[in-house]
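Enquirer: Coordinates in final14.txt, compact mmCIF, C-alpha atoms, are listed below.
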# COMPACT_ATOMS: atom_id res chain seq x y z
CA MET A 1 22.42 1.23 2.10
CA THR A 2 22.63 4.96 1.58
CA GLY A 3 23.26 7.26 -1.33
CA ARG A 4 21.41 8.76 -4.22
CA THR A 5 19.48 7.01 -6.91
CA ARG A 6 21.29 6.71 -10.20
CA VAL A 7 19.52 8.57 -12.99
CA PRO A 8 20.58 7.81 -16.58
CA VAL A 9 22.57 10.51 -18.37
CA GLY A 10 20.25 13.06 -20.00
CA ARG A 11 17.34 12.54 -17.59
CA GLY A 12 18.60 14.59 -14.63
CA ALA A 13 17.84 18.05 -15.99
CA ARG A 14 14.45 16.92 -17.26
CA ASP A 15 13.57 15.35 -13.86
CA ARG A 16 14.62 18.46 -11.95
CA ARG A 17 12.64 20.71 -14.30
CA ARG A 18 9.58 18.43 -14.01
CA ASP A 19 9.86 18.32 -10.19
CA ARG A 20 9.95 22.12 -9.97
CA ILE A 21 6.85 22.35 -12.15
CA VAL A 22 4.98 19.70 -10.12
CA ARG A 23 5.84 21.30 -6.76
CA ARG A 24 4.80 24.74 -8.01
CA ARG A 25 1.51 23.36 -9.31
CA VAL A 26 0.87 21.50 -6.06
CA GLY A 27 1.17 24.83 -4.29
CA THR A 28 -1.27 26.66 -6.57
CA ALA A 29 -3.73 24.54 -8.51
CA VAL A 30 -4.28 22.13 -5.63
CA SER A 31 -4.93 24.87 -3.10
CA ALA A 32 -7.49 26.55 -5.33
CA ALA A 33 -9.25 23.32 -6.28
CA ALA A 34 -9.28 22.09 -2.69
CA ALA A 35 -10.91 25.30 -1.54
CA LEU A 36 -13.65 24.87 -4.15
CA LEU A 37 -14.18 21.26 -3.13
CA LEU A 38 -14.58 22.11 0.54
CA ALA A 39 -16.96 24.94 -0.24
CA ALA A 40 -19.12 22.43 -2.09
CA GLY A 41 -19.42 20.32 0.36
CA CYS A 42 -4.49 4.82 11.91
CA SER A 43 -2.49 3.14 14.77
CA SER A 44 -0.61 4.80 17.61
CA GLY A 45 3.00 5.80 16.89
CA GLY A 46 3.82 3.19 14.27
CA ASP A 47 2.70 -0.27 13.30
CA GLY A 48 2.74 -1.79 16.76
CA GLY A 49 3.31 -5.39 17.83
CA GLY A 50 2.25 -8.16 20.19
CA PRO A 51 1.45 -11.87 20.54
CA GLY A 52 -1.80 -13.74 20.05
CA GLY A 53 -3.19 -17.17 19.21
CA ALA A 54 -6.23 -18.82 17.64
CA ASP A 55 -7.18 -21.10 14.78
CA GLY A 56 -7.51 -19.35 11.44
CA ALA A 57 -10.62 -21.06 10.09
CA THR A 58 -12.91 -19.54 12.72
CA PRO A 59 -13.58 -15.80 12.88
CA GLY A 60 -11.86 -14.11 15.83
CA ARG A 61 -13.31 -11.49 18.14
CA THR A 62 -14.07 -8.15 16.57
CA SER A 63 -14.43 -4.62 17.84
CA ALA A 64 -14.61 -3.36 14.26
CA GLN A 65 -17.44 -1.18 13.11
CA ALA A 66 -19.00 -0.72 9.69
CA SER A 67 -19.80 2.92 8.92
CA PRO A 68 -22.94 3.96 7.02
CA SER A 69 -21.01 6.40 4.86
CA GLY A 70 -20.60 4.41 1.63
CA GLU A 71 -22.69 4.53 -1.48
CA ALA A 72 -24.63 1.35 -2.22
CA SER A 73 -25.03 0.32 -5.83
CA GLY A 74 -27.40 -2.29 -7.17
CA GLN A 75 -24.82 -5.07 -6.94
CA THR A 76 -25.39 -8.15 -4.81
CA ALA A 77 -23.50 -8.29 -1.53
CA PRO A 78 -21.48 -11.39 -0.62
CA PRO A 79 -22.59 -13.52 2.36
CA ALA A 80 -22.27 -11.78 5.71
CA LYS A 81 -19.96 -14.54 6.96
CA GLY A 82 -16.96 -15.85 5.05
CA SER A 83 -14.14 -18.31 5.54
CA VAL A 84 -10.34 -18.58 5.31
CA LYS A 85 -8.35 -21.76 4.77
CA VAL A 86 -4.54 -21.75 4.76
CA LEU A 87 -3.66 -24.09 1.91
CA ARG A 88 0.12 -24.09 2.31
CA THR A 89 3.28 -22.21 3.17
CA VAL A 90 4.80 -21.02 -0.11
CA ALA A 91 8.13 -19.71 1.24
CA GLU A 92 9.97 -19.22 4.52
CA GLY A 93 13.00 -17.36 5.83
CA LEU A 94 12.25 -13.96 4.29
CA ASN A 95 13.87 -10.87 5.84
CA SER A 96 11.55 -7.90 6.52
CA PRO A 97 9.32 -8.56 3.48
CA TRP A 98 7.11 -5.63 2.47
CA GLY A 99 5.90 -5.54 -1.14
CA LEU A 100 4.71 -8.47 -3.27
CA ALA A 101 4.19 -8.54 -7.05
CA PRO A 102 3.10 -11.73 -8.87
CA LEU A 103 4.81 -12.23 -12.24
CA PRO A 104 2.52 -12.97 -15.21
CA GLY A 105 4.44 -16.11 -16.18
CA GLY A 106 4.69 -17.46 -12.64
CA GLY A 107 6.77 -16.48 -9.64
CA LEU A 108 6.41 -13.86 -6.92
CA LEU A 109 8.64 -10.81 -6.47
CA VAL A 110 9.18 -9.78 -2.83
CA SER A 111 10.89 -6.62 -1.57
CA SER A 112 12.93 -6.59 1.66
CA ARG A 113 12.47 -3.32 3.51
CA ASP A 114 15.73 -3.51 5.47
CA LYS A 115 18.00 -5.36 3.04
CA ALA A 116 16.80 -3.26 0.09
CA THR A 117 16.70 -6.32 -2.14
CA ILE A 118 14.10 -7.87 -4.43
CA THR A 119 13.79 -11.67 -4.46
CA ARG A 120 11.93 -13.95 -6.83
CA VAL A 121 10.07 -16.82 -5.15
CA ASP A 122 9.01 -19.87 -7.14
CA GLU A 123 5.43 -20.27 -5.90
CA LYS A 124 5.51 -24.01 -6.62
CA THR A 125 8.81 -25.00 -4.98
CA GLY A 126 9.53 -22.08 -2.67
CA LYS A 127 12.97 -21.57 -4.23
CA GLN A 128 14.30 -18.04 -3.73
CA THR A 129 16.48 -16.17 -6.21
CA GLU A 130 17.76 -12.70 -5.34
CA LEU A 131 17.43 -10.33 -8.28
CA GLY A 132 19.70 -7.74 -6.71
CA ALA A 133 19.86 -4.76 -4.37
CA VAL A 134 18.19 -1.43 -5.13
CA SER A 135 20.78 1.33 -4.93
CA GLY A 136 19.91 4.55 -3.09
CA VAL A 137 17.73 3.00 -0.37
CA ALA A 138 18.35 4.27 3.18
CA PRO A 139 16.44 1.97 5.59
CA GLU A 140 15.52 3.55 8.92
CA GLY A 141 12.56 2.88 11.22
CA GLU A 142 9.52 2.25 9.03
CA GLY A 143 11.38 3.42 5.93
CA GLY A 144 13.35 1.41 3.39
CA LEU A 145 12.43 -0.53 0.26
CA LEU A 146 8.64 -0.66 0.46
CA GLY A 147 6.02 -1.31 -2.22
CA ILE A 148 6.72 -2.78 -5.64
CA ALA A 149 4.59 -3.07 -8.79
CA LEU A 150 5.01 -4.31 -12.33
CA SER A 151 4.73 -1.96 -15.29
CA PRO A 152 1.40 -2.22 -17.17
CA ARG A 153 3.60 -3.02 -20.18
CA PHE A 154 5.75 -5.52 -18.31
CA ALA A 155 5.51 -8.12 -21.07
CA SER A 156 7.41 -5.75 -23.38
CA ASP A 157 9.37 -3.37 -21.13
CA HIS A 158 10.23 -5.72 -18.17
CA MET A 159 10.10 -2.80 -15.73
CA ILE A 160 9.66 -3.11 -11.95
CA TYR A 161 8.51 -0.02 -10.04
CA ALA A 162 9.52 0.49 -6.40
CA TYR A 163 8.72 3.02 -3.67
CA PHE A 164 11.59 3.58 -1.26
CA THR A 165 13.07 5.84 1.38
CA SER A 166 16.29 7.53 0.32
CA ALA A 167 18.64 9.69 2.38
CA SER A 168 16.55 12.75 1.58
CA ASP A 169 12.98 11.72 0.70
CA ASN A 170 10.59 8.97 -0.33
CA ARG A 171 10.58 8.36 -4.08
CA ILE A 172 9.41 6.06 -6.84
CA VAL A 173 11.85 4.45 -9.27
CA ARG A 174 11.70 1.85 -12.00
CA MET A 175 14.27 -0.78 -12.90
CA LEU A 176 14.80 -3.14 -15.80
CA TYR A 177 14.48 -6.82 -14.81
CA ASP A 178 16.59 -9.25 -16.84
CA ASP A 179 16.16 -12.82 -15.59
CA LYS A 180 18.77 -14.08 -18.04
CA LYS A 181 21.55 -12.45 -16.03
CA PRO A 182 23.17 -14.17 -13.01
CA ALA A 183 21.37 -14.05 -9.66
CA GLY A 184 22.14 -10.80 -7.85
CA GLU A 185 22.71 -8.94 -11.13
CA GLN A 186 19.23 -9.01 -12.64
CA LEU A 187 18.14 -5.47 -11.66
CA GLY A 188 19.11 -2.48 -13.74
CA ALA A 189 20.02 0.89 -12.22
CA PRO A 190 17.02 2.74 -10.73
CA ASP A 191 15.49 5.38 -12.96
CA THR A 192 13.82 8.01 -10.76
CA VAL A 193 10.18 8.47 -11.78
CA PHE A 194 8.97 10.71 -8.94
CA LYS A 195 10.63 12.19 -5.86
CA GLY A 196 10.15 14.72 -3.07
CA ILE A 197 7.67 12.77 -0.92
CA PRO A 198 8.36 13.63 2.76
CA LYS A 199 10.25 10.97 4.73
CA GLY A 200 10.44 10.18 8.44
CA VAL A 201 11.29 7.42 10.87
CA ILE A 202 7.54 6.69 10.87
CA HIS A 203 4.62 7.13 8.46
CA ASN A 204 6.35 6.79 5.10
CA GLY A 205 3.35 5.26 3.31
CA GLY A 206 4.87 3.13 0.58
CA ARG A 207 2.15 1.13 -1.18
CA ILE A 208 2.09 1.52 -4.97
CA ALA A 209 -0.18 -0.09 -7.54
CA PHE A 210 -1.22 0.39 -11.13
CA GLY A 211 -4.94 0.92 -11.38
CA PRO A 212 -7.39 -0.41 -13.98
CA ASP A 213 -6.80 2.87 -15.86
CA GLY A 214 -3.09 2.11 -16.27
CA MET A 215 -2.09 4.96 -13.95
CA LEU A 216 0.29 4.61 -10.99
CA TYR A 217 -1.22 5.19 -7.54
CA ALA A 218 0.93 5.77 -4.44
CA GLY A 219 -0.09 5.98 -0.79
CA THR A 220 2.03 8.39 1.25
CA GLY A 221 2.31 9.18 4.96
CA GLU A 222 2.64 12.51 6.74
CA SER A 223 6.03 11.36 8.14
CA GLY A 224 4.98 12.24 11.69
CA ASP A 225 4.27 15.89 10.78
CA ARG A 226 0.50 15.93 11.19
CA GLY A 227 -0.08 19.22 9.39
CA LEU A 228 1.18 17.91 6.07
CA ALA A 229 -1.96 15.82 5.56
CA GLN A 230 -4.17 18.91 5.17
CA ASP A 231 -1.47 20.99 3.48
CA THR A 232 -2.23 20.78 -0.23
CA LYS A 233 1.26 22.11 -0.98
CA SER A 234 2.74 18.92 0.46
CA LEU A 235 2.88 15.40 -0.99
CA GLY A 236 2.68 13.86 2.51
CA GLY A 237 -0.54 12.25 3.77
CA LYS A 238 -1.96 11.79 0.28
CA ILE A 239 -2.89 9.30 -2.39
CA LEU A 240 -1.07 10.30 -5.58
CA ARG A 241 -2.05 9.40 -9.15
CA LEU A 242 0.68 9.50 -11.77
CA THR A 243 1.37 8.42 -15.32
CA PRO A 244 3.91 5.59 -15.65
CA GLU A 245 6.47 8.32 -16.44
CA GLY A 246 5.76 10.12 -13.16
CA GLU A 247 3.69 13.06 -14.41
CA PRO A 248 0.34 14.12 -12.90
CA ALA A 249 -2.18 11.80 -14.54
CA PRO A 250 -4.80 13.10 -16.98
CA GLY A 251 -8.10 13.67 -15.22
CA ASP A 252 -6.60 14.18 -11.76
CA PRO A 253 -8.93 16.30 -9.61
CA PHE A 254 -6.45 19.16 -9.17
CA PRO A 255 -5.09 20.17 -12.61
CA GLY A 256 -1.33 19.92 -12.85
CA SER A 257 -1.01 18.12 -9.51
CA PRO A 258 -0.50 14.43 -8.71
CA VAL A 259 -2.69 14.68 -5.58
CA TYR A 260 -5.73 12.40 -5.88
CA SER A 261 -7.01 12.56 -2.28
CA TYR A 262 -5.74 14.11 0.95
CA GLY A 263 -6.23 14.26 4.71
CA HIS A 264 -4.57 10.86 5.23
CA ARG A 265 -2.31 9.87 8.13
CA ASN A 266 -0.46 6.88 6.67
CA VAL A 267 -1.92 5.03 3.68
CA GLN A 268 -0.74 1.41 3.66
CA GLY A 269 -3.02 -0.50 1.28
CA LEU A 270 -4.58 0.11 -2.15
CA ALA A 271 -7.01 -2.16 -4.03
CA TRP A 272 -9.80 -1.94 -6.61
CA ASP A 273 -13.04 -3.89 -6.72
CA GLY A 274 -14.55 -5.47 -9.83
CA ARG A 275 -16.08 -2.14 -10.86
CA GLN A 276 -12.81 -0.21 -10.69
CA ARG A 277 -13.55 1.52 -7.38
CA LEU A 278 -10.52 2.29 -5.23
CA PHE A 279 -10.21 1.40 -1.54
CA ALA A 280 -7.40 2.29 0.86
CA SER A 281 -6.39 1.23 4.38
CA GLU A 282 -5.00 3.77 6.80
CA PHE A 283 -3.32 3.85 10.21
CA GLY A 284 -5.15 5.84 12.83
CA GLN A 285 -3.44 7.25 15.92
CA ASP A 286 -4.94 6.23 19.25
CA THR A 287 -8.54 5.34 18.50
CA TRP A 288 -9.53 4.31 14.99
CA ASP A 289 -7.87 2.63 12.01
CA GLU A 290 -9.77 3.00 8.75
CA LEU A 291 -10.80 1.43 5.46
CA ASN A 292 -11.82 4.16 3.03
CA ALA A 293 -13.55 4.27 -0.35
CA ILE A 294 -11.49 6.82 -2.26
CA LYS A 295 -13.12 9.68 -4.15
CA PRO A 296 -11.06 11.97 -6.38
CA GLY A 297 -10.27 15.27 -4.70
CA ALA A 298 -11.81 14.26 -1.35
CA ASN A 299 -10.56 15.14 2.14
CA TYR A 300 -10.32 12.21 4.61
CA GLY A 301 -9.95 14.36 7.70
CA TRP A 302 -6.58 13.75 9.35
CA PRO A 303 -5.52 15.31 11.69
CA ASP A 304 -8.85 17.03 12.37
CA ALA A 305 -10.79 13.76 12.28
CA GLU A 306 -9.85 10.19 13.18
CA GLY A 307 -12.46 7.64 12.20
CA THR A 308 -16.07 8.75 11.68
CA SER A 309 -16.68 12.49 11.88
CA LYS A 310 -19.78 14.67 11.86
CA ASP A 311 -18.02 17.31 9.79
CA PRO A 312 -19.50 17.13 6.26
CA LYS A 313 -16.31 18.33 4.59
CA PHE A 314 -14.58 15.04 5.52
CA VAL A 315 -15.28 11.64 3.95
CA ASN A 316 -16.01 9.00 6.60
CA PRO A 317 -14.47 5.51 6.51
CA ILE A 318 -16.61 2.58 5.42
CA ALA A 319 -15.22 0.56 8.36
CA GLN A 320 -13.06 1.35 11.38
CA TRP A 321 -11.18 -0.62 14.04
CA HIS A 322 -9.62 0.01 17.41
CA THR A 323 -5.90 0.32 16.81
CA ASP A 324 -4.98 -2.76 18.89
CA ASP A 325 -7.16 -4.89 16.62
CA ALA A 326 -5.82 -3.79 13.26
CA SER A 327 -2.89 -1.45 12.50
CA PRO A 328 -3.76 -2.13 8.86
CA SER A 329 -1.28 -2.73 6.10
CA GLY A 330 -1.93 -4.19 2.64
CA ILE A 331 -5.38 -4.92 1.22
CA ALA A 332 -6.73 -7.03 -1.66
CA TYR A 333 -10.14 -7.55 -3.25
CA ALA A 334 -11.53 -11.08 -3.72
CA GLU A 335 -14.94 -12.79 -3.62
CA GLY A 336 -16.87 -9.57 -3.07
CA SER A 337 -14.84 -8.45 -0.04
CA VAL A 338 -11.80 -6.40 0.81
CA TRP A 339 -9.22 -8.44 2.75
CA MET A 340 -7.00 -6.38 5.05
CA ALA A 341 -3.76 -7.49 6.73
CA GLY A 342 -3.26 -6.37 10.34
CA LEU A 343 0.15 -5.75 11.94
CA LYS A 344 -0.43 -5.07 15.63
CA GLY A 345 -3.81 -6.80 15.37
CA GLN A 346 -2.19 -9.93 13.86
CA ARG A 347 -5.39 -10.70 11.93
CA LEU A 348 -6.72 -10.88 8.42
CA TRP A 349 -9.90 -8.86 8.21
CA ARG A 350 -12.74 -9.53 5.76
CA ILE A 351 -14.92 -6.54 4.87
CA PRO A 352 -17.87 -7.61 2.65
CA LEU A 353 -19.01 -4.89 0.28
CA LYS A 354 -22.13 -3.69 -1.46
CA GLY A 355 -20.93 -0.88 -3.67
CA THR A 356 -18.76 1.30 -1.44
CA THR A 357 -20.59 0.29 1.73
CA ALA A 358 -19.64 -2.46 4.17
CA SER A 359 -22.60 -4.83 3.80
CA ALA A 360 -21.93 -6.61 7.12
CA PRO A 361 -19.60 -6.13 10.10
CA PRO A 362 -15.92 -6.90 9.43
CA GLN A 363 -14.82 -10.43 10.30
CA ALA A 364 -11.41 -11.46 11.69
CA PHE A 365 -9.38 -14.56 10.80
CA LEU A 366 -5.97 -16.02 11.68
CA ASP A 367 -6.03 -14.23 15.03
CA GLY A 368 -2.39 -14.42 16.22
CA ARG A 369 -1.73 -17.64 14.32
CA TYR A 370 1.03 -16.20 12.12
CA GLY A 371 1.89 -13.00 14.00
CA ARG A 372 2.02 -9.69 12.21
CA LEU A 373 0.54 -9.59 8.71
CA ARG A 374 1.99 -7.11 6.21
CA THR A 375 0.78 -7.68 2.65
CA VAL A 376 -2.13 -9.45 0.98
CA VAL A 377 -2.42 -9.80 -2.80
CA SER A 378 -5.01 -11.45 -5.02
CA ALA A 379 -3.85 -14.75 -6.52
CA GLY A 380 -6.94 -14.93 -8.76
CA GLY A 381 -10.43 -16.20 -8.00
CA ASP A 382 -10.80 -17.26 -4.37
CA ARG A 383 -7.04 -17.36 -3.66
CA LEU A 384 -4.82 -14.86 -1.86
CA TRP A 385 -1.11 -14.51 -1.18
CA LEU A 386 -0.43 -13.38 2.41
CA VAL A 387 2.95 -12.12 3.70
CA THR A 388 3.88 -12.06 7.40
CA SER A 389 5.99 -9.32 9.04
CA ASN A 390 7.66 -10.62 12.20
CA THR A 391 11.28 -9.74 11.31
CA ASP A 392 10.62 -6.00 10.99
CA GLY A 393 11.87 -5.14 14.48
CA ARG A 394 8.42 -5.01 16.07
CA GLY A 395 7.43 -8.65 15.91
CA ASP A 396 8.37 -11.81 17.75
CA PRO A 397 9.97 -13.96 15.02
CA ARG A 398 9.25 -17.68 15.09
CA LYS A 399 11.04 -20.47 13.31
CA GLY A 400 10.51 -20.01 9.57
CA ASP A 401 9.61 -16.30 9.69
CA ASP A 402 8.94 -14.46 7.59
CA ARG A 403 6.77 -16.42 5.20
CA ILE A 404 4.34 -16.28 2.28
CA LEU A 405 1.09 -18.23 2.62
CA GLU A 406 -1.50 -19.27 0.06
CA LEU A 407 -5.11 -18.89 1.22
CA ARG A 408 -8.52 -19.90 -0.09
CA VAL A 409 -11.22 -17.44 0.96
CA SER A 410 -14.95 -16.94 0.63
Written as structure tokens, that's how I'd like the structure from this file.

Expert:
Amino acid sequence: MTGRTRVPVGRGARDRRRDRIVRRRVGTAVSAAAALLLAAGCSSGGDGGGPGGADGATPGRTSAQASPSGEASGQTAPPAKGSVKVLRTVAEGLNSPWGLAPLPGGGLLVSSRDKATITRVDEKTGKQTELGAVSGVAPEGEGGLLGIALSPRFASDHMIYAYFTSASDNRIVRMLYDDKKPAGEQLGAPDTVFKGIPKGVIHNGGRIAFGPDGMLYAGTGESGDRGLAQDTKSLGGKILRLTPEGEPAPGDPFPGSPVYSYGHRNVQGLAWDGRQRLFASEFGQDTWDELNAIKPGANYGWPDAEGTSKDPKFVNPIAQWHTDDASPSGIAYAEGSVWMAGLKGQRLWRIPLKGTTASAPPQAFLDGRYGRLRTVVSAGGDRLWLVTSNTDGRGDPRKGDDRILELRVS
């Protein structure tokens, strides 16, 4: 699907005026603040592919490394070794699934990157009901309908947020969800919240999530233009922090700018631990994929650094992987660890934490058993939802792909 997002009458002028203000501020306030910060002192090409095979209950081989760059707190670390048990297949036959958002009253919303649709899955029966298509999405390469998230006020406003690639940019919209309407007609017209994020055939970022502070976080990619990551005038290669209305959030490190951190190649996963600390997964290029603990205003090095660096102006990852073993996508926090889905690596990685430090070497599960793994979301307690990604044009689809799995982890 191509075209422009539909903005309700009366909002267009306000959005354009806001966008001009944000871009201008990104080019001034961010540059100045970034200079002060520095004075004070991700997988090749795309998301790869390939076969594999091993039982999921036993950790697979690992060439991952934990980096000594995190900050330990007094909290107790989880056991060095964990476990994964696949409890059941929740749903099958999904087309290029990307984002997953559990509904508070039951049910899972799943976005299709290439079909530009959102589907509700009954997590008990596996029944699928298409809410509708999102107008304005222009799928191409790694772009399309990507991450989705529920409004912090979903119980009252029934809004679904989505990050997608349009004909001109990557943007964030929100849509009213009315489950009383017929299937296929349950999504309202997209209301553009934020736009102007660089787009490309590769490295579109796309993960969005509301943080514990009620603010909207978005991981962006540098769209294949490496210089954008260090360019504080650009929204590419960043983590952004916005209000639900799409304005720079109060307390952002660069006044008047939505930029929260920079120097990223292609952010694909966002998750918070039990103490409201943010972690993000990132595609490297040829050598190292990364899991980072995110600090406001910090520089994560790309393209000047990939993986651990000796340059003190860059923040080092808390864990890194060879690109064939990871190509990381979504992440979730459960049972004291970050759980990271791997695309080319076809593994689910467990990274046990003590504060913002990896307390033991990362551990791999499900090595090749389900192919490419795109999204992992907490299902509460020791449970996770895991989404495969074999119908995205880079996988080897098997009967039943793509699917949602329910896991028990420790």

Enquirer: So that I can see what lies close to Arg403 (chain A), please list as a PyMOL selection string the residues with an atom at most 7 Å from it, counting all atoms listed in the file and leaving out residues fewer than 6 positions away in the same chain.

Expert: chain A and resi 91-94+387-388

Enquirer: Keeping C-alpha atoms, export the residues of the selection given above as a JSON list (two decimals), in the frame of the given file.

Expert:
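The resulting file, again_36.json, is reproduced below:
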[["chain", "number", "residue", "atom", "x", "y", "z"],
["A", 91, "ALA", "CA", 8.13, -19.71, 1.24],
["A", 92, "GLU", "CA", 9.97, -19.22, 4.52],
["A", 93, "GLY", "CA", 13.00, -17.36, 5.83],
["A", 94, "LEU", "CA", 12.25, -13.96, 4.29],
["A", 387, "VAL", "CA", 2.95, -12.12, 3.70],
["A", 388, "THR", "CA", 3.88, -12.06, 7.40]]

Enquirer: Quote the spacing between CA of Arg171 (chain A) and CA of Pro102 (chain A) in Å to one decimal place.

Expert: 22.0 Å

Enquirer: Quick one, how far is CA of Val409 (chain A) from CA of Ala341 (chain A)?

Expert: 13.7 Å

Enquirer: One number please: CA of Thr357 (chain A) to CA of Gly336 (chain A), in Å, one decimal.

Expert: 11.6 Å

Enquirer: Which residues are close to Trp288 (chain A), i.e. within 6 Å by all atoms listed in the file, leaving aside same-chain residues fewer than 6 positions away? Reply as a short mmCIF file (atom, residue, chain, number, x, y, z; two decimals) with C-alpha atoms, in the frame of the given file.

Expert:
data_model
loop_
_atom_site.label_atom_id
_atom_site.label_comp_id
_atom_site.auth_asym_id
_atom_site.auth_seq_id
_atom_site.Cartn_x
_atom_site.Cartn_y
_atom_site.Cartn_z
CA CYS A 42 -4.49 4.82 11.91
CA GLY A 307 -12.46 7.64 12.20
CA GLN A 320 -13.06 1.35 11.38
CA TRP A 321 -11.18 -0.62 14.04
CA HIS A 322 -9.62 0.01 17.41
CA THR A 323 -5.90 0.32 16.81
#

Enquirer: Looking at all atoms listed in the file, which of A:Thr119, A:Ser135, A:Ser168, A:Thr192 is the one that sits closest to Gly246 (chain A)?

Expert: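 Residue with the minimum atom-to-atom distance to Gly246 (chain A): A:Thr192.
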
Enquirer: Name the residues within 10 Å of (11.7, -3.8, 16.5), counting only C-alpha atoms in the file's coordinates, and put them as a PDB file with C-alpha atoms, in the frame of the given file.

Expert:
ATOM      1  CA  GLY A  48       2.740  -1.790  16.760  1.00  0.00           C
ATOM      2  CA  GLY A  49       3.310  -5.390  17.830  1.00  0.00           C
ATOM      3  CA  GLY A 141      12.560   2.880  11.220  1.00  0.00           C
ATOM      4  CA  GLU A 142       9.520   2.250   9.030  1.00  0.00           C
ATOM      5  CA  ASN A 390       7.660 -10.620  12.200  1.00  0.00           C
ATOM      6  CA  THR A 391      11.280  -9.740  11.310  1.00  0.00           C
ATOM      7  CA  ASP A 392      10.620  -6.000  10.990  1.00  0.00           C
ATOM      8  CA  GLY A 393      11.870  -5.140  14.480  1.00  0.00           C
ATOM      9  CA  ARG A 394       8.420  -5.010  16.070  1.00  0.00           C
ATOM     10  CA  GLY A 395       7.430  -8.650  15.910  1.00  0.00           C
ATOM     11  CA  ASP A 396       8.370 -11.810  17.750  1.00  0.00           C
TER      12      ASP A 396
END

Enquirer: Select from region 158-235 of chain A every residue with an atom at most 6 Å from any atom of region 248-266 of chain A, then for each give the shortest pair of atoms and their distance in Å to one decimal, using all atoms listed in the file, rows by chain and rising number, as a Markdown table.

Expert:
| residue | atom | partner | partner_atom | distance |
| --- | --- | --- | --- | --- |
| A:His203 | CA | A:Asn266 | CA | 5.4 |
| A:Gly205 | CA | A:Asn266 | CA | 5.3 |
| A:Gly221 | CA | A:Asn266 | CA | 4.0 |
| A:Glu222 | CA | A:Arg265 | CA | 5.8 |
| A:Ala229 | CA | A:Gly263 | CA | 4.6 |
| A:Gln230 | CA | A:Gly263 | CA | 5.1 |

Enquirer: Since we have the selection now, will you write its residues out, keeping C-alpha atoms, as a tab-separated table (two decimals), in the coordinates of the input?

Expert:
chain	number	residue	atom	x	y	z
A	203	HIS	CA	4.62	7.13	8.46
A	205	GLY	CA	3.35	5.26	3.31
A	221	GLY	CA	2.31	9.18	4.96
A	222	GLU	CA	2.64	12.51	6.74
A	229	ALA	CA	-1.96	15.82	5.56
A	230	GLN	CA	-4.17	18.91	5.17

Enquirer: Quick one: of A:Pro79, A:Ser389, A:Pro198, A:Gly381, who's nearest to Asp114 (chain A), counting all atoms listed in the file?

Expert: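 Comparing A:Pro79, A:Ser389, A:Pro198, A:Gly381 against Asp114 (chain A), the winner is A:Ser389.
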
Enquirer: Closest to Asp367 (chain A) among A:Val90, A:Leu405, A:Ala326, A:Ile331, using all atoms listed in the file?

Expert: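 That would be A:Ala326, the residue with the smallest distance to Asp367 (chain A).
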
Enquirer: Please identify all polymer residues within 9 Å of region 157-167 of chain A, counting only C-alpha atoms, omitting same-chain residues fewer than 3 positions from it, and present them as a ChimeraX atom specification.

Expert: /A:1-5,99,111,113,116,134,136-140,143-154,170-178,187,190,193,199-200,204,206-208,218

Enquirer: Of the candidates A:Val84, A:Ser112, A:Pro212, A:Thr287, which shows the shortest atom-to-atom distance to Arg347 (chain A), using all atoms listed in the file?

Expert: A:Val84

Enquirer: Using only C-alpha atoms, which of the listed residues (A:Gln346, A:Ser329, A:Ser337, A:Thr76) sits closest to Arg369 (chain A)?

Expert: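 That would be A:Gln346, the residue with the smallest distance to Arg369 (chain A).
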
Enquirer: Given the point (23.7, -9.4, -5.8) in the coordinates of this file, which residues lie within 10 Å, counting only C-alpha atoms, and how would they look as a ChimeraX atom specification?

Expert: /A:117-118,129-134,182-187

Enquirer: Between A:Leu216, A:Asp325, A:Val315, A:Gly274, which has the minimum distance to Asp286 (chain A) (counting all atoms listed in the file)?

Expert: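 Closest candidate: A:Asp325.
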
Enquirer: Considering only C-alpha atoms, return as an mmCIF file with C-alpha atoms, keeping the file's coordinate frame whatever protein or nucleic-acid residues lie within 7 Å of Leu270 (chain A), sequence-local ones (same chain, fewer than 2 positions apart) excluded.

Expert:
data_model
loop_
_atom_site.group_PDB
_atom_site.id
_atom_site.type_symbol
_atom_site.label_atom_id
_atom_site.label_comp_id
_atom_site.auth_asym_id
_atom_site.auth_seq_id
_atom_site.Cartn_x
_atom_site.Cartn_y
_atom_site.Cartn_z
ATOM 1 C CA ARG A 207 2.150 1.130 -1.180
ATOM 2 C CA ALA A 209 -0.180 -0.090 -7.540
ATOM 3 C CA PHE A 279 -10.210 1.400 -1.540
ATOM 4 C CA ALA A 280 -7.400 2.290 0.860
ATOM 5 C CA SER A 281 -6.390 1.230 4.380
ATOM 6 C CA GLY A 330 -1.930 -4.190 2.640
ATOM 7 C CA ILE A 331 -5.380 -4.920 1.220
#
